[in-house]
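Listing of structure-v3.txt, compact mmCIF, N, CA, C and O atoms
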```txt
# COMPACT_ATOMS: atom_id res chain seq x y z
N MET A 1 55.54 -65.18 -20.10
CA MET A 1 54.45 -64.49 -19.44
C MET A 1 54.61 -62.99 -19.64
O MET A 1 55.71 -62.48 -19.63
N ASP A 2 53.48 -62.34 -19.80
CA ASP A 2 53.53 -60.89 -19.97
C ASP A 2 52.88 -60.18 -18.78
O ASP A 2 52.47 -60.81 -17.81
N GLU A 3 52.79 -58.87 -18.89
CA GLU A 3 52.29 -58.06 -17.79
C GLU A 3 50.85 -58.43 -17.40
O GLU A 3 50.50 -58.46 -16.22
N ARG A 4 50.03 -58.73 -18.38
CA ARG A 4 48.62 -59.09 -18.11
C ARG A 4 48.55 -60.40 -17.33
O ARG A 4 47.70 -60.55 -16.44
N ASP A 5 49.44 -61.35 -17.62
CA ASP A 5 49.48 -62.61 -16.87
C ASP A 5 49.81 -62.36 -15.41
O ASP A 5 49.23 -62.97 -14.52
N TRP A 6 50.74 -61.45 -15.15
CA TRP A 6 51.08 -61.11 -13.76
C TRP A 6 49.92 -60.44 -13.05
O TRP A 6 49.67 -60.67 -11.87
N GLU A 7 49.18 -59.63 -13.80
CA GLU A 7 48.00 -58.98 -13.22
C GLU A 7 46.96 -60.03 -12.82
O GLU A 7 46.35 -59.94 -11.76
N ILE A 8 46.79 -61.03 -13.65
CA ILE A 8 45.87 -62.13 -13.34
C ILE A 8 46.32 -62.85 -12.09
O ILE A 8 45.51 -63.14 -11.20
N LEU A 9 47.60 -63.14 -11.99
CA LEU A 9 48.12 -63.82 -10.80
C LEU A 9 47.89 -63.01 -9.53
O LEU A 9 47.53 -63.56 -8.49
N CYS A 10 48.05 -61.71 -9.61
CA CYS A 10 47.83 -60.85 -8.44
C CYS A 10 46.35 -60.81 -8.04
O CYS A 10 46.05 -60.77 -6.86
N GLU A 11 45.47 -60.82 -9.01
CA GLU A 11 44.03 -60.74 -8.74
C GLU A 11 43.42 -62.07 -8.31
O GLU A 11 42.34 -62.10 -7.73
N ILE A 12 44.09 -63.17 -8.59
CA ILE A 12 43.52 -64.49 -8.31
C ILE A 12 43.32 -64.71 -6.81
O ILE A 12 42.37 -65.35 -6.40
N ASP A 13 44.18 -64.11 -6.01
CA ASP A 13 44.06 -64.26 -4.56
C ASP A 13 42.76 -63.60 -4.09
O ASP A 13 42.51 -62.45 -4.35
N GLY A 14 41.96 -64.34 -3.39
CA GLY A 14 40.71 -63.81 -2.86
C GLY A 14 39.50 -64.02 -3.74
O GLY A 14 38.38 -63.85 -3.30
N LYS A 15 39.71 -64.39 -4.99
CA LYS A 15 38.59 -64.66 -5.88
C LYS A 15 38.28 -66.15 -5.81
O LYS A 15 39.16 -66.99 -5.81
N ARG A 16 37.01 -66.47 -5.77
CA ARG A 16 36.62 -67.87 -5.62
C ARG A 16 36.03 -68.47 -6.88
O ARG A 16 35.63 -69.63 -6.88
N SER A 17 35.99 -67.69 -7.94
CA SER A 17 35.43 -68.23 -9.18
C SER A 17 36.01 -67.49 -10.39
O SER A 17 36.46 -66.35 -10.28
N ILE A 18 35.95 -68.17 -11.51
CA ILE A 18 36.41 -67.58 -12.76
C ILE A 18 35.55 -66.37 -13.10
O ILE A 18 36.06 -65.35 -13.56
N SER A 19 34.25 -66.45 -12.87
CA SER A 19 33.37 -65.34 -13.23
C SER A 19 33.68 -64.08 -12.43
O SER A 19 33.72 -62.98 -12.99
N LYS A 20 33.93 -64.21 -11.14
CA LYS A 20 34.28 -63.04 -10.32
C LYS A 20 35.64 -62.48 -10.74
O LYS A 20 35.82 -61.26 -10.77
N LEU A 21 36.56 -63.35 -11.05
CA LEU A 21 37.87 -62.90 -11.49
C LEU A 21 37.79 -62.18 -12.83
O LEU A 21 38.39 -61.13 -13.02
N SER A 22 36.99 -62.73 -13.75
CA SER A 22 36.85 -62.09 -15.06
C SER A 22 36.19 -60.71 -14.94
O SER A 22 36.57 -59.78 -15.63
N GLU A 23 35.22 -60.59 -14.04
CA GLU A 23 34.58 -59.29 -13.81
C GLU A 23 35.59 -58.28 -13.24
O GLU A 23 35.61 -57.13 -13.65
N ALA A 24 36.41 -58.72 -12.30
CA ALA A 24 37.39 -57.83 -11.68
C ALA A 24 38.44 -57.37 -12.67
O ALA A 24 38.95 -56.25 -12.57
N LEU A 25 38.76 -58.22 -13.64
CA LEU A 25 39.81 -57.90 -14.61
C LEU A 25 39.27 -57.32 -15.92
O LEU A 25 40.05 -56.97 -16.81
N PHE A 26 37.93 -57.25 -16.03
CA PHE A 26 37.30 -56.75 -17.26
C PHE A 26 37.76 -57.53 -18.49
O PHE A 26 38.19 -56.98 -19.49
N ILE A 27 37.67 -58.87 -18.37
CA ILE A 27 38.07 -59.77 -19.45
C ILE A 27 37.01 -60.87 -19.54
O ILE A 27 36.42 -61.25 -18.52
N SER A 28 36.74 -61.38 -20.73
CA SER A 28 35.74 -62.43 -20.87
C SER A 28 36.22 -63.72 -20.21
O SER A 28 37.42 -63.96 -20.08
N GLN A 29 35.26 -64.55 -19.80
CA GLN A 29 35.62 -65.81 -19.16
C GLN A 29 36.43 -66.73 -20.07
O GLN A 29 37.42 -67.31 -19.61
N PRO A 30 36.06 -66.88 -21.35
CA PRO A 30 36.87 -67.75 -22.22
C PRO A 30 38.31 -67.24 -22.37
O PRO A 30 39.26 -68.02 -22.35
N ALA A 31 38.46 -65.92 -22.49
CA ALA A 31 39.81 -65.36 -22.61
C ALA A 31 40.60 -65.56 -21.33
O ALA A 31 41.79 -65.87 -21.36
N LEU A 32 39.94 -65.40 -20.19
CA LEU A 32 40.61 -65.60 -18.91
C LEU A 32 41.01 -67.06 -18.72
O LEU A 32 42.13 -67.35 -18.28
N THR A 33 40.13 -67.98 -19.07
CA THR A 33 40.45 -69.41 -18.97
C THR A 33 41.65 -69.76 -19.83
O THR A 33 42.54 -70.49 -19.41
N TYR A 34 41.69 -69.20 -21.04
CA TYR A 34 42.83 -69.43 -21.93
C TYR A 34 44.12 -68.94 -21.29
O TYR A 34 45.13 -69.63 -21.29
N ARG A 35 44.09 -67.73 -20.71
CA ARG A 35 45.30 -67.16 -20.10
C ARG A 35 45.72 -67.95 -18.87
O ARG A 35 46.90 -68.17 -18.65
N ILE A 36 44.74 -68.40 -18.07
CA ILE A 36 45.07 -69.20 -16.88
C ILE A 36 45.71 -70.51 -17.31
O ILE A 36 46.70 -70.95 -16.72
N ASN A 37 45.17 -71.14 -18.34
CA ASN A 37 45.78 -72.39 -18.85
C ASN A 37 47.20 -72.14 -19.33
O ASN A 37 48.09 -72.97 -19.10
N LYS A 38 47.43 -71.01 -19.99
CA LYS A 38 48.77 -70.66 -20.46
C LYS A 38 49.73 -70.48 -19.28
O LYS A 38 50.86 -70.97 -19.31
N ILE A 39 49.27 -69.79 -18.24
CA ILE A 39 50.09 -69.59 -17.05
C ILE A 39 50.39 -70.93 -16.37
O ILE A 39 51.53 -71.18 -15.95
N GLU A 40 49.38 -71.79 -16.28
CA GLU A 40 49.58 -73.11 -15.66
C GLU A 40 50.61 -73.93 -16.43
O GLU A 40 51.45 -74.61 -15.83
N ARG A 41 50.55 -73.89 -17.75
CA ARG A 41 51.54 -74.63 -18.54
C ARG A 41 52.94 -74.05 -18.33
O ARG A 41 53.92 -74.78 -18.22
N PHE A 42 53.04 -72.73 -18.28
CA PHE A 42 54.33 -72.07 -18.08
C PHE A 42 54.91 -72.42 -16.70
O PHE A 42 56.08 -72.74 -16.58
N ALA A 43 54.07 -72.38 -15.68
CA ALA A 43 54.53 -72.60 -14.30
C ALA A 43 54.57 -74.08 -13.92
O ALA A 43 55.15 -74.44 -12.90
N GLU A 44 53.93 -74.91 -14.72
CA GLU A 44 53.84 -76.35 -14.47
C GLU A 44 53.16 -76.67 -13.14
O GLU A 44 53.57 -77.55 -12.40
N TRP A 45 52.10 -75.93 -12.83
CA TRP A 45 51.24 -76.22 -11.69
C TRP A 45 49.84 -75.71 -11.96
O TRP A 45 49.63 -74.94 -12.87
N ARG A 46 48.87 -76.16 -11.17
CA ARG A 46 47.47 -75.84 -11.39
C ARG A 46 46.93 -74.92 -10.31
O ARG A 46 47.27 -75.03 -9.15
N PHE A 47 46.03 -74.02 -10.72
CA PHE A 47 45.29 -73.20 -9.79
C PHE A 47 44.09 -73.99 -9.26
O PHE A 47 43.63 -74.90 -9.92
N TRP A 48 43.60 -73.61 -8.14
CA TRP A 48 42.39 -74.27 -7.61
C TRP A 48 41.14 -73.75 -8.27
O TRP A 48 40.10 -74.36 -8.17
N LEU A 49 41.21 -72.62 -8.94
CA LEU A 49 40.05 -72.08 -9.66
C LEU A 49 39.79 -72.92 -10.90
O LEU A 49 40.67 -73.11 -11.70
N LYS A 50 38.61 -73.39 -11.09
CA LYS A 50 38.23 -74.06 -12.34
C LYS A 50 36.75 -74.29 -12.34
O LYS A 50 36.11 -74.39 -11.38
```
Just give me the structure as structure tokens.
Amino acid sequence: MDERDWEILCEIDGKRSISKLSEALFISQPALTYRINKIERFAEWRFWLK
């Protein structure tokens, strides 16, 4: 995991959708979904956002 992945983890709290999270992070939804999937594989658990 890199610094951007940690930033995503910090921002995920309080966001209820991928679109709101992507807007807050200034990243496209497909790129954000890819990074979330990567984090989930690394951590071996799933986020409730999907």
Neighbour list for Glu11 (chain A) as a compact mmCIF listing (two decimals) with N, CA, C and O atoms, in the frame of the given file, cut-off 8 Å, all atoms listed in the file, skip fewer than 6 positions in-chain:
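Saved result, out.txt, follows:
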```txt
# COMPACT_ATOMS: atom_id res chain seq x y z
N ARG A 4 50.03 -58.73 -18.38
CA ARG A 4 48.62 -59.09 -18.11
C ARG A 4 48.55 -60.40 -17.33
O ARG A 4 47.70 -60.55 -16.44
N ASP A 5 49.44 -61.35 -17.62
CA ASP A 5 49.48 -62.61 -16.87
C ASP A 5 49.81 -62.36 -15.41
O ASP A 5 49.23 -62.97 -14.52
N SER A 17 35.99 -67.69 -7.94
CA SER A 17 35.43 -68.23 -9.18
C SER A 17 36.01 -67.49 -10.39
O SER A 17 36.46 -66.35 -10.28
N LYS A 20 33.93 -64.21 -11.14
CA LYS A 20 34.28 -63.04 -10.32
C LYS A 20 35.64 -62.48 -10.74
O LYS A 20 35.82 -61.26 -10.77
N LEU A 21 36.56 -63.35 -11.05
CA LEU A 21 37.87 -62.90 -11.49
C LEU A 21 37.79 -62.18 -12.83
O LEU A 21 38.39 -61.13 -13.02
N ALA A 24 36.41 -58.72 -12.30
CA ALA A 24 37.39 -57.83 -11.68
C ALA A 24 38.44 -57.37 -12.67
O ALA A 24 38.95 -56.25 -12.57
N LEU A 25 38.76 -58.22 -13.64
CA LEU A 25 39.81 -57.90 -14.61
C LEU A 25 39.27 -57.32 -15.92
O LEU A 25 40.05 -56.97 -16.81
```
For region 2-6 of chain A, I'd like the enclosing box, axis-aligned and padded by 3 Å on every side, reported as AutoDock Vina command-line options with centre and edge lengths in Å to one decimal.
```
--center_x 50.6 --center_y -60.5 --center_z -15.9 --size_x 11.8 --size_y 10.9 --size_z 14.1
```
(message) Under the rule that only C-alpha atoms are counted, which of A:Arg46, A:Lys15, A:Arg41, A:Arg35 is the nearest residue to Asp2 (chain A)?
(response) A:Arg35
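The environment of Leu9 (chain A) within 10 Å, counting only C-alpha atoms and disregarding residues fewer than 4 places along the same chain, consists of Glu3, Arg4, Asp5, Asp13, Ile36, Ile39 and Phe47 of chain A.
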(message) One number please: atom O of Thr33 (chain A) to atom N of Gly14 (chain A), in Å, one decimal.
(response) 17.2 Å
(request) Pick out each residue of chain A that DSSP on the backbone tags as helix (DSSP H, G or I); I need them as a ChimeraX atom specification. (result) /A:3-12,18-25,29-43
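The space separating CA of Gln29 (chain A) from atom C of Trp45 (chain A) comes to 18.8 Å.
Here atom N of Phe26 (chain A) stands at a distance of 24.9 Å from CA of Glu44 (chain A).
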(message) List the spatial neighbours of Leu32 (chain A) as a PyMOL selection string - criterion: any atom at most 8 Å away, only C-alpha atoms, same-chain residues fewer than 5 positions off excluded.
(response) chain A and resi 18+22+27
